[in-house]
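See below for input-v7.cif, which holds mmCIF, C-alpha atoms and all ligand atoms.
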```cif
data_target
loop_
_atom_site.label_atom_id
_atom_site.label_comp_id
_atom_site.auth_asym_id
_atom_site.auth_seq_id
_atom_site.Cartn_x
_atom_site.Cartn_y
_atom_site.Cartn_z
CA MET A 330 -206.67 -178.02 -69.56
CA ILE A 331 -205.28 -175.02 -71.46
CA THR A 332 -207.27 -171.90 -72.39
CA VAL A 333 -205.93 -169.54 -75.05
CA ARG A 334 -207.31 -166.05 -75.71
CA VAL A 335 -207.01 -164.82 -79.28
CA PRO A 336 -207.92 -161.46 -80.87
CA ALA A 337 -209.93 -160.56 -83.95
CA LYS A 338 -208.35 -158.22 -86.49
CA VAL A 339 -209.29 -155.18 -88.49
CA ASN A 340 -207.19 -154.21 -91.51
CA VAL A 341 -206.48 -150.49 -91.13
CA GLN A 342 -204.95 -150.59 -94.61
CA LEU A 343 -205.67 -153.34 -97.10
CA GLY A 344 -203.84 -152.67 -100.36
CA VAL A 345 -204.68 -155.41 -102.88
CA GLY A 346 -202.39 -156.15 -105.84
CA GLY A 347 -203.32 -158.12 -108.94
CA LEU A 348 -204.37 -161.76 -109.12
CA ARG A 349 -201.31 -164.06 -109.01
CA ALA A 350 -200.95 -167.30 -110.95
CA ASP A 351 -201.54 -169.25 -107.68
CA GLY A 352 -204.97 -167.64 -107.13
CA PHE A 353 -203.84 -165.28 -104.34
CA HIS A 354 -203.28 -161.50 -104.39
CA ASP A 355 -200.17 -159.71 -103.11
CA LEU A 356 -201.16 -157.43 -100.26
CA ALA A 357 -199.98 -154.47 -98.24
CA ASN A 358 -202.00 -155.59 -95.25
CA VAL A 359 -201.78 -153.53 -92.04
CA PHE A 360 -203.34 -155.81 -89.42
CA PHE A 361 -204.55 -154.39 -86.09
CA ALA A 362 -205.53 -156.80 -83.25
CA VAL A 363 -208.56 -155.83 -81.14
CA ALA A 364 -209.72 -157.00 -77.72
CA LEU A 365 -212.91 -158.54 -79.17
CA GLY A 366 -211.74 -162.14 -79.32
CA ASP A 367 -212.41 -165.87 -78.96
CA GLU A 368 -211.22 -168.32 -76.30
CA VAL A 369 -210.14 -171.82 -77.25
CA THR A 370 -209.83 -174.42 -74.48
CA ALA A 371 -207.91 -177.64 -75.13
CA THR A 372 -208.58 -180.71 -72.94
CA ALA A 373 -207.02 -184.16 -73.19
CA ALA A 374 -209.36 -186.50 -75.09
CA GLU A 375 -209.46 -189.38 -77.58
CA GLY A 376 -209.28 -188.19 -81.20
CA VAL A 377 -209.82 -184.55 -82.23
CA THR A 378 -213.28 -183.30 -81.20
CA LEU A 379 -214.84 -179.83 -81.15
CA SER A 380 -217.58 -177.85 -79.45
CA CYS A 381 -218.56 -174.20 -79.73
CA SER A 382 -220.56 -171.76 -77.62
CA GLY A 383 -221.71 -168.17 -78.16
CA PRO A 384 -224.52 -166.43 -80.07
CA ASP A 385 -223.16 -167.45 -83.51
CA ALA A 386 -222.17 -171.02 -82.53
CA ALA A 387 -224.67 -172.57 -84.97
CA ALA A 388 -222.75 -171.04 -87.91
CA VAL A 389 -219.44 -172.67 -86.90
CA PRO A 390 -218.65 -176.05 -88.51
CA LEU A 391 -217.71 -178.72 -85.94
CA ASP A 392 -216.15 -181.15 -88.42
CA ASP A 393 -212.58 -181.42 -89.72
CA SER A 394 -213.07 -178.27 -91.87
CA ASN A 395 -212.90 -176.14 -88.71
CA LEU A 396 -209.58 -174.29 -88.68
CA ALA A 397 -209.05 -175.22 -85.00
CA ALA A 398 -209.29 -178.94 -85.80
CA ARG A 399 -207.08 -178.51 -88.89
CA ALA A 400 -204.50 -176.69 -86.74
CA ALA A 401 -204.46 -179.48 -84.13
CA ARG A 402 -203.96 -182.15 -86.81
CA LEU A 403 -201.28 -180.11 -88.63
CA LEU A 404 -199.29 -179.58 -85.41
CA ALA A 405 -199.59 -183.27 -84.55
CA ALA A 406 -198.46 -184.32 -88.05
CA HIS A 407 -195.48 -181.96 -87.85
CA HIS A 408 -194.35 -183.73 -84.66
CA GLY A 409 -195.09 -187.22 -86.00
CA ILE A 410 -198.01 -187.77 -83.61
CA ALA A 411 -200.09 -190.35 -85.47
CA ASP A 412 -203.17 -190.35 -83.27
CA PRO A 413 -203.62 -186.89 -81.67
CA GLY A 414 -206.02 -186.55 -78.75
CA VAL A 415 -207.65 -183.23 -77.85
CA HIS A 416 -211.08 -181.72 -77.30
CA LEU A 417 -211.20 -178.08 -78.40
CA HIS A 418 -213.96 -175.84 -77.09
CA ILE A 419 -214.36 -172.52 -78.91
CA ALA A 420 -216.04 -169.71 -76.96
CA LYS A 421 -216.98 -167.64 -80.01
CA ALA A 422 -217.28 -163.86 -79.80
CA ILE A 423 -215.77 -162.95 -83.20
CA PRO A 424 -218.44 -162.56 -85.92
CA VAL A 425 -218.50 -165.61 -88.24
CA ALA A 426 -217.56 -164.95 -91.90
CA GLY A 427 -217.37 -161.29 -90.88
CA GLY A 428 -213.98 -160.20 -92.23
CA MET A 429 -212.40 -160.22 -88.75
CA ALA A 430 -210.46 -163.49 -89.22
CA GLY A 431 -212.44 -165.46 -86.65
CA GLY A 432 -211.65 -168.90 -88.05
CA SER A 433 -208.01 -167.90 -88.45
CA ALA A 434 -207.95 -166.76 -84.82
CA ASP A 435 -209.25 -170.14 -83.66
CA GLY A 436 -206.64 -171.89 -85.82
CA ALA A 437 -203.86 -169.86 -84.21
CA ALA A 438 -205.31 -170.41 -80.73
CA ALA A 439 -205.53 -174.18 -81.32
CA LEU A 440 -201.86 -174.27 -82.38
CA VAL A 441 -200.85 -172.55 -79.11
CA ALA A 442 -203.27 -174.57 -76.94
CA CYS A 443 -202.27 -177.98 -78.37
CA ASP A 444 -198.60 -177.06 -78.24
CA ALA A 445 -198.99 -176.39 -74.50
CA LEU A 446 -201.29 -179.39 -73.80
CA TRP A 447 -198.98 -181.83 -75.60
CA GLN A 448 -195.86 -180.12 -74.13
CA LEU A 449 -194.23 -179.78 -77.56
CA ASP A 450 -192.42 -176.43 -77.11
CA THR A 451 -192.60 -175.73 -80.85
CA PRO A 452 -190.44 -172.67 -81.68
CA LEU A 453 -192.41 -169.60 -82.79
CA PRO A 454 -190.92 -169.55 -86.34
CA VAL A 455 -192.22 -173.12 -86.84
CA LEU A 456 -195.66 -172.22 -85.46
CA LEU A 457 -195.71 -169.27 -87.90
CA GLU A 458 -194.94 -171.60 -90.84
CA LEU A 459 -197.70 -174.01 -89.81
CA ALA A 460 -200.04 -171.02 -89.38
CA ALA A 461 -199.30 -169.81 -92.93
CA GLU A 462 -200.20 -173.28 -94.23
CA LEU A 463 -203.60 -172.97 -92.55
CA GLY A 464 -204.44 -169.56 -94.07
CA SER A 465 -203.14 -166.11 -94.94
CA ASP A 466 -204.60 -164.47 -91.78
CA VAL A 467 -203.50 -167.15 -89.29
CA PRO A 468 -199.86 -165.99 -88.68
CA PHE A 469 -201.05 -162.53 -87.61
CA ALA A 470 -203.40 -164.03 -85.00
CA LEU A 471 -200.31 -165.62 -83.41
CA VAL A 472 -198.35 -162.36 -83.15
CA GLY A 473 -201.13 -159.78 -82.60
CA GLY A 474 -200.39 -156.10 -81.99
CA VAL A 475 -200.08 -154.20 -85.27
CA ALA A 476 -198.15 -155.66 -88.18
CA LEU A 477 -197.63 -155.22 -91.90
CA GLY A 478 -198.44 -158.37 -93.84
CA ARG A 479 -196.88 -158.79 -97.28
CA GLY A 480 -197.09 -161.60 -99.82
CA ARG A 481 -200.59 -163.01 -99.36
CA GLY A 482 -200.53 -161.49 -95.85
CA GLU A 483 -198.41 -164.17 -94.19
CA ILE A 484 -195.00 -162.40 -94.27
CA LEU A 485 -195.21 -160.24 -91.15
CA GLU A 486 -193.30 -157.24 -89.89
CA PRO A 487 -194.33 -155.82 -86.49
CA LEU A 488 -195.16 -152.10 -86.57
CA ALA A 489 -194.60 -149.43 -83.94
CA VAL A 490 -197.76 -148.18 -82.29
CA GLU A 491 -198.36 -145.71 -79.46
CA GLY A 492 -201.18 -146.01 -76.93
CA THR A 493 -204.65 -147.43 -77.39
CA PHE A 494 -207.17 -146.84 -80.19
CA HIS A 495 -210.91 -147.24 -79.66
CA TRP A 496 -213.13 -149.06 -82.15
CA VAL A 497 -216.73 -150.01 -82.79
CA PHE A 498 -217.66 -153.00 -84.97
CA ALA A 499 -221.10 -153.23 -86.60
CA VAL A 500 -221.96 -156.87 -87.23
CA ALA A 501 -224.07 -157.56 -90.33
CA GLU A 502 -226.82 -160.13 -90.79
CA GLY A 503 -225.07 -163.04 -92.56
CA GLY A 504 -221.47 -163.30 -93.77
CA LEU A 505 -219.50 -162.77 -96.97
CA SER A 506 -217.21 -165.34 -98.58
CA THR A 507 -213.59 -164.10 -98.69
CA PRO A 508 -212.80 -165.70 -102.12
CA ALA A 509 -216.03 -164.21 -103.54
CA VAL A 510 -215.02 -160.72 -102.38
CA PHE A 511 -211.53 -161.05 -103.95
CA ARG A 512 -213.21 -162.28 -107.18
CA GLU A 513 -215.57 -159.29 -107.16
CA CYS A 514 -212.57 -156.96 -106.67
CA ASP A 515 -210.98 -158.51 -109.81
CA ARG A 516 -214.26 -158.24 -111.71
CA LEU A 517 -214.67 -154.54 -110.84
CA ARG A 518 -211.09 -153.88 -111.97
CA GLU A 519 -211.76 -155.64 -115.30
CA GLU A 520 -214.97 -153.65 -115.69
CA ALA A 521 -213.07 -150.39 -115.04
CA GLY A 522 -210.61 -151.37 -117.76
CA THR A 523 -207.53 -151.38 -115.49
CA GLY A 524 -206.97 -155.15 -115.71
CA SER A 525 -206.85 -157.43 -112.67
CA SER A 526 -203.72 -159.59 -112.97
CA ASP A 527 -200.46 -158.99 -111.13
CA THR A 528 -198.93 -157.70 -114.33
CA ASP A 529 -201.67 -155.02 -114.61
CA VAL A 530 -201.93 -153.87 -110.98
CA PRO A 531 -198.89 -152.40 -109.18
CA THR A 532 -197.76 -154.17 -105.99
CA PRO A 533 -199.31 -152.18 -103.13
CA ASP A 534 -197.25 -150.54 -100.40
CA ALA A 535 -197.95 -149.39 -96.85
CA ASP A 536 -199.05 -145.74 -96.65
CA PRO A 537 -196.40 -143.67 -94.76
CA ALA A 538 -199.11 -141.36 -93.35
CA LEU A 539 -200.92 -144.38 -91.87
CA LEU A 540 -197.71 -145.77 -90.34
CA ALA A 541 -196.94 -142.34 -88.81
CA ALA A 542 -200.47 -142.07 -87.36
CA LEU A 543 -200.05 -145.49 -85.68
CA ALA A 544 -196.58 -144.65 -84.35
CA GLU A 545 -197.82 -141.31 -82.98
CA GLY A 546 -201.04 -142.75 -81.49
CA ASP A 547 -203.05 -140.16 -83.44
CA PRO A 548 -206.62 -141.42 -84.04
CA VAL A 549 -207.63 -138.43 -86.19
CA ALA A 550 -204.71 -138.99 -88.56
CA LEU A 551 -205.31 -142.77 -88.56
CA ALA A 552 -209.00 -142.20 -89.38
CA ALA A 553 -208.00 -140.06 -92.39
CA ALA A 554 -205.64 -142.79 -93.65
CA LEU A 555 -207.94 -145.85 -93.25
CA ALA A 556 -208.15 -147.62 -96.63
CA ASN A 557 -209.48 -150.95 -97.87
CA ASP A 558 -209.17 -151.93 -101.54
CA LEU A 559 -211.75 -154.70 -100.93
CA GLN A 560 -214.38 -152.19 -99.78
CA PRO A 561 -215.84 -151.46 -103.26
CA ALA A 562 -216.19 -155.22 -103.81
CA ALA A 563 -217.86 -155.79 -100.41
CA LEU A 564 -220.23 -152.86 -101.09
CA SER A 565 -220.98 -154.20 -104.57
CA LEU A 566 -221.96 -157.59 -103.10
CA ARG A 567 -223.74 -156.04 -100.09
CA PRO A 568 -224.95 -152.49 -101.00
CA ALA A 569 -226.71 -152.13 -97.62
CA LEU A 570 -223.30 -151.69 -95.96
CA ALA A 571 -223.21 -148.11 -97.26
CA ALA A 572 -226.04 -147.25 -94.84
CA THR A 573 -224.13 -148.88 -91.95
CA LEU A 574 -220.99 -146.88 -92.72
CA ARG A 575 -223.08 -143.69 -92.94
CA ALA A 576 -224.89 -144.39 -89.64
CA GLY A 577 -221.62 -144.79 -87.71
CA THR A 578 -220.11 -141.70 -89.30
CA GLU A 579 -223.20 -139.61 -88.54
CA ALA A 580 -223.03 -140.88 -84.93
CA GLY A 581 -219.60 -139.26 -84.57
CA ALA A 582 -217.00 -141.84 -85.64
CA LEU A 583 -213.69 -140.32 -86.78
CA GLY A 584 -213.41 -142.82 -89.62
CA ALA A 585 -215.20 -145.86 -91.03
CA LEU A 586 -214.36 -148.77 -93.30
CA VAL A 587 -215.37 -152.32 -94.11
CA SER A 588 -213.25 -154.77 -92.07
CA GLY A 589 -211.20 -156.93 -94.45
CA SER A 590 -213.52 -158.80 -96.81
CA GLY A 591 -216.57 -157.68 -94.75
CA PRO A 592 -219.40 -157.48 -94.07
CA THR A 593 -218.48 -156.24 -90.56
CA CYS A 594 -217.97 -152.45 -90.58
CA ALA A 595 -215.28 -150.87 -88.38
CA PHE A 596 -215.46 -147.39 -86.86
CA LEU A 597 -212.50 -145.62 -85.29
CA VAL A 598 -213.57 -143.32 -82.46
CA LYS A 599 -211.90 -140.80 -80.13
CA ASP A 600 -212.18 -142.66 -76.79
CA ALA A 601 -214.11 -145.30 -74.83
CA GLU A 602 -217.00 -142.90 -74.19
CA ALA A 603 -217.40 -142.19 -77.91
CA ALA A 604 -217.20 -145.93 -78.59
CA ALA A 605 -220.15 -146.62 -76.27
CA ALA A 606 -222.16 -143.78 -77.89
CA VAL A 607 -221.43 -144.86 -81.48
CA ALA A 608 -222.18 -148.53 -80.67
CA GLY A 609 -225.51 -147.50 -79.14
CA ALA A 610 -226.39 -145.35 -82.15
CA LEU A 611 -225.51 -148.16 -84.56
CA ARG A 612 -227.66 -150.68 -82.64
CA ALA A 613 -230.57 -148.22 -82.74
CA SER A 614 -230.05 -147.41 -86.44
CA GLY A 615 -231.42 -150.69 -87.76
CA THR A 616 -228.47 -150.88 -90.21
CA CYS A 617 -226.72 -153.82 -88.47
CA ARG A 618 -227.47 -156.91 -86.36
CA THR A 619 -225.47 -155.67 -83.38
CA ALA A 620 -222.48 -153.46 -82.55
CA HIS A 621 -219.52 -153.95 -80.18
CA ALA A 622 -217.26 -151.33 -78.60
CA THR A 623 -213.67 -152.48 -78.15
CA HIS A 624 -210.04 -151.32 -78.28
CA GLY A 625 -206.55 -152.33 -79.35
CA PRO A 626 -203.90 -153.19 -80.10
CA VAL A 627 -203.75 -156.34 -77.96
CA PRO A 628 -201.33 -159.32 -78.04
CA GLY A 629 -201.79 -162.39 -80.24
CA ALA A 630 -202.91 -165.86 -79.15
CA SER A 631 -201.74 -166.41 -75.57
CA VAL A 632 -202.39 -168.88 -72.77
CA ALA A 633 -204.83 -167.33 -70.27
CA GLY A 634 -203.80 -166.92 -66.64
C1 LIG B 701 -209.18 -160.41 -96.59
C2 LIG B 701 -208.20 -160.80 -95.51
O1 LIG B 701 -208.91 -161.24 -94.34
C3 LIG B 701 -207.37 -159.59 -95.09
O2 LIG B 701 -206.61 -159.83 -93.93
C4 LIG B 701 -207.29 -161.94 -95.96
O3 LIG B 701 -206.58 -161.55 -97.12
C5 LIG B 701 -207.99 -163.28 -96.17
O4 LIG B 701 -207.24 -164.23 -95.52
P1 LIG B 701 -207.78 -165.73 -95.25
O5 LIG B 701 -209.25 -165.70 -94.96
O6 LIG B 701 -206.85 -166.35 -94.26
O7 LIG B 701 -207.61 -166.34 -96.69
P2 LIG B 701 -207.05 -167.77 -97.15
O8 LIG B 701 -207.78 -168.84 -96.40
O9 LIG B 701 -205.57 -167.77 -97.14
O10 LIG B 701 -207.54 -167.75 -98.68
C6 LIG B 701 -208.90 -167.88 -99.02
C7 LIG B 701 -209.08 -167.33 -100.41
O11 LIG B 701 -209.04 -165.89 -100.39
C8 LIG B 701 -208.39 -165.40 -101.54
N1 LIG B 701 -207.16 -164.65 -101.13
C9 LIG B 701 -206.71 -164.69 -99.85
C10 LIG B 701 -205.58 -163.97 -99.50
C11 LIG B 701 -204.91 -163.24 -100.50
N2 LIG B 701 -203.81 -162.54 -100.21
N3 LIG B 701 -205.37 -163.23 -101.77
C12 LIG B 701 -206.50 -163.91 -102.09
O12 LIG B 701 -206.91 -163.87 -103.25
C13 LIG B 701 -208.08 -166.60 -102.42
O13 LIG B 701 -209.18 -166.77 -103.26
C14 LIG B 701 -208.02 -167.74 -101.40
O14 LIG B 701 -208.29 -168.98 -101.98
N1 LIG B 702 -213.21 -171.80 -86.10
C1 LIG B 702 -214.02 -171.30 -87.02
N2 LIG B 702 -214.84 -170.27 -86.73
C2 LIG B 702 -215.64 -169.75 -87.68
N3 LIG B 702 -215.74 -170.22 -88.94
C3 LIG B 702 -214.97 -171.23 -89.29
C4 LIG B 702 -214.08 -171.81 -88.35
N4 LIG B 702 -213.41 -172.78 -88.97
C5 LIG B 702 -213.86 -172.81 -90.23
N5 LIG B 702 -214.80 -171.90 -90.44
C6 LIG B 702 -215.50 -171.67 -91.76
O1 LIG B 702 -214.86 -170.53 -92.34
C7 LIG B 702 -215.82 -169.64 -92.89
C8 LIG B 702 -215.28 -168.21 -92.74
O2 LIG B 702 -215.32 -167.89 -91.38
P1 LIG B 702 -214.43 -166.79 -90.66
O3 LIG B 702 -215.20 -166.40 -89.44
O4 LIG B 702 -213.05 -167.24 -90.47
O5 LIG B 702 -214.49 -165.64 -91.77
P2 LIG B 702 -213.77 -164.26 -91.88
O6 LIG B 702 -213.64 -163.67 -90.51
O7 LIG B 702 -214.50 -163.48 -92.92
O8 LIG B 702 -212.33 -164.64 -92.42
P3 LIG B 702 -211.17 -163.67 -92.90
O9 LIG B 702 -211.37 -162.33 -92.27
O10 LIG B 702 -209.91 -164.37 -92.42
O11 LIG B 702 -211.27 -163.67 -94.39
C9 LIG B 702 -217.09 -169.89 -92.08
O12 LIG B 702 -218.23 -169.62 -92.83
C10 LIG B 702 -216.97 -171.35 -91.69
O13 LIG B 702 -217.61 -172.18 -92.64
#
```
Would you give me this structure, written as structure tokens?
Amino acid sequence: MITVRVPAKVNVQLGVGGLRADGFHDLANVFFAVALGDEVTATAAEGVTLSCSGPDAAAVPLDDSNLAARAARLLAAHHGIADPGVHLHIAKAIPVAGGMAGGSADGAAALVACDALWQLDTPLPVLLELAAELGSDVPFALVGGVALGRGRGEILEPLAVEGTFHWVFAVAEGGLSTPAVFRECDRLREEAGTGSSDTDVPTPDADPALLAALAEGDPVALAAALANDLQPAALSLRPALAATLRAGTEAGALGALVSGSGPTCAFLVKDAEAAAAVAGALRASGTCRTAHATHGPVPGASVAG
């Protein structure tokens, strides 16, 4: 039996370029791994089967569409294993369809767990390629820490970071579909008259002030540099998120933004004490379903113990 811990992510910068011919957008995606995470346990079994526990378990598909099952089958196919056997149990803490890459995290964790269970010793560059086939966010869940993702987010470069940053995540009622949020971003750009294709929108770049704030471990400077090009689209689809962002800011957060495609909202705070206070204020505000205090960066998918 192998248990793998895997982090959720928040995008401290999400620069979104124009729509490419293949349906994706080029990104300047600064991923940040947080301690709020899932655990995936792989046990020898017949066929590929799944189970899930946790407060949101009912929202997680247990068929072959689950990214953990897809990861197990992809790894097996890569090694020519015709009839893979594994039971994967997902202990789910990452909000589902929340913009924190929960499914991607489970996909990455399943790659690592099955690789260990089946004693395959797949080299990391190969695991990263398989991860990119599963989804744009999956490679980052393997590496963790803080990294700049280019292309559709799968081409990763680790970034220097000093110390620990403290975060609060406000979980919304219900999720948002990632493709729908990208589509809404394109629609808003068309409406504004700027155009939405990759010939209209310049390729985004990482913000030097944000990279310096990470390297210096400066939460005030990082808060000032937080930026998410998908935020207007998430707010357009879910206007109530504006009240959530305001509630966390009024409770003393240094900075606030929608996490990735949303609807989870992320709040950067000064320290662990401020995190507990802001999480409490958010829970009491009635503007979210629940709120979690956490920290990062933390490593990517790794075997527990
Ligand atoms: C919003 C982010 O979470 C930020 O990290 C990611 O960009 C989304 O990554 P993901 O959920 O792994 O997305 P994928 O499963 O690769 O793609 C789902 C859909 O999202 C849209 N998509 C995704 C990534 C990207 N760079 N451009 C896109 O337009 C496309 O419509 C795609 O069909
Ligand atoms: N292991 C999984 N956990 C959660 N959802 C999964 C999983 N596998 C597949 N899904 C499906 O993927 C959809 C998106 O879920 P997920 O939690 O990955 O969203 P997300 O965090 O918004 O993704 P991202 O931030 O990468 O765009 C879910 O609604 C569900 O149908």
### Query
Please, what distance in Å, to one decimal, runs between atom CA of A:Gly474 and atom CA of A:Phe361?
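Value for the atom CA of A:Gly474-atom CA of A:Phe361 distance: 6.1 Å.
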### Query
Hey, which residues come within 9 Å of ligand LIG 702 (chain B) if we count all atoms listed in the file? Could you give them as a PyMOL selection string?
chain A and resi 337-339+381+385-386+388-399+419+421+423-436+464-467+504-508+588-593
### Task
Do a neighbour search on stretch 349-355 of chain A at 6 Å with all atoms listed in the file, toss out local chain neighbours closer than 3 positions, and write the hits as a VMD selection string.
chain A and resid 346 480 to 481 527
### Query
atom CA of A:Ser382 to atom CA of A:Gly629: how many Å, to one decimal?
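That distance, rounded to one decimal, is 21.1 Å.
With atom CA of A:Ala470 on one side and atom CA of A:Glu502 on the other, the separation reads 24.4 Å.
Proximity to A:Ala633 at 9 Å, evaluated using only C-alpha atoms and with sequence-adjacent residues fewer than 5 positions away removed, yields Ile331, Thr332, Val333, Arg334 and Glu368 of chain A.
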Those selected residues, please, written with C-alpha atoms and delivered as an mmCIF file, in the coordinates of the input.
```cif
data_model
loop_
_atom_site.group_PDB
_atom_site.id
_atom_site.type_symbol
_atom_site.label_atom_id
_atom_site.label_comp_id
_atom_site.auth_asym_id
_atom_site.auth_seq_id
_atom_site.Cartn_x
_atom_site.Cartn_y
_atom_site.Cartn_z
ATOM 1 C CA ILE A 331 -205.280 -175.020 -71.460
ATOM 2 C CA THR A 332 -207.270 -171.900 -72.390
ATOM 3 C CA VAL A 333 -205.930 -169.540 -75.050
ATOM 4 C CA ARG A 334 -207.310 -166.050 -75.710
ATOM 5 C CA GLU A 368 -211.220 -168.320 -76.300
#
```
### Task
Have a look at A:Leu343, A:Leu517, A:Ala610, A:Leu477 and name the one nearest to ligand LIG 701 (chain B); count all atoms listed in the file.
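When distances to ligand LIG 701 (chain B) are compared using all atoms listed in the file, the smallest one comes from A:Leu343.
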### Query
Nearest to A:Gly546: which of A:Val497, A:Val490, A:Leu456, A:Leu403 is it, counting all atoms listed in the file?
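Of A:Val497, A:Val490, A:Leu456, A:Leu403, the one nearest A:Gly546, counting all atoms listed in the file, is A:Val490.
Taking all atoms listed in the file into account, ligand LIG 701 (chain B) lies nearest to A:Leu485 out of the set A:Ala374, A:Leu485, A:Ile410, A:Leu570.
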### Counting only C-alpha atoms and all ligand atoms, the residue of A:Gly383, A:Gly478, A:Pro413, A:Pro561 that sits nearest ligand LIG 701 (chain B)
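Checking each of A:Gly383, A:Gly478, A:Pro413, A:Pro561 against ligand LIG 701 (chain B), counting only C-alpha atoms and all ligand atoms, the winner is A:Gly478.
Shortest atom-to-atom contact with A:Pro568 among A:Gln448, A:Thr372, A:Thr616, A:Asn340: A:Thr616, counting all atoms listed in the file.
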### Task
Measuring atom to atom with all atoms listed in the file, identify which of A:Ala461, A:Ala387, A:Leu540, A:Val455 is nearest to ligand LIG 701 (chain B).
A:Ala461
Find the spatial neighbours of A:Gly625, counting all atoms listed in the file, within a cut-off of 8 Å - ignore same-chain residues fewer than 3 positions away - and output them as a PDB file with C-alpha atoms, keeping the file's coordinate frame.
```pdb
ATOM      1  CA  PHE A 361    -204.550-154.390 -86.090  1.00  0.00           C
ATOM      2  CA  ALA A 362    -205.530-156.800 -83.250  1.00  0.00           C
ATOM      3  CA  VAL A 363    -208.560-155.830 -81.140  1.00  0.00           C
ATOM      4  CA  ALA A 364    -209.720-157.000 -77.720  1.00  0.00           C
ATOM      5  CA  GLY A 474    -200.390-156.100 -81.990  1.00  0.00           C
ATOM      6  CA  THR A 493    -204.650-147.430 -77.390  1.00  0.00           C
ATOM      7  CA  PHE A 494    -207.170-146.840 -80.190  1.00  0.00           C
ATOM      8  CA  HIS A 495    -210.910-147.240 -79.660  1.00  0.00           C
ATOM      9  CA  TRP A 496    -213.130-149.060 -82.150  1.00  0.00           C
TER      10      TRP A 496
END
```
#### Entry: Selection near A:Val441, 8 Å with only C-alpha atoms, sequence-local residues under 5 positions removed, as a VMD selection string
chain A and resid 333 630 to 632
Could you put an axis-aligned box around every listed atom of ligand LIG 701 (chain B), padded by 3 Å on each side, and send me its centre and edge lengths in Å to one decimal, as JSON?
```
{"center_x": -206.5, "center_y": -164.3, "center_z": -98.6, "size_x": 11.4, "size_y": 15.4, "size_z": 15.3}
```
### Task
Might you pull out every residue within 6 Å of A:Leu597, with only C-alpha atoms counted and same-chain residues fewer than 6 positions away left off, and present them as a list in words?
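Within the cut-off, the hits are Trp496, Ala582, Leu583 and Gly584 of chain A.
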With C-alpha atoms retained, write the just-selected residues as a PDB file, in the coordinates of the input.
```
ATOM      1  CA  TRP A 496    -213.130-149.060 -82.150  1.00  0.00           C
ATOM      2  CA  ALA A 582    -217.000-141.840 -85.640  1.00  0.00           C
ATOM      3  CA  LEU A 583    -213.690-140.320 -86.780  1.00  0.00           C
ATOM      4  CA  GLY A 584    -213.410-142.820 -89.620  1.00  0.00           C
TER       5      GLY A 584
END
```
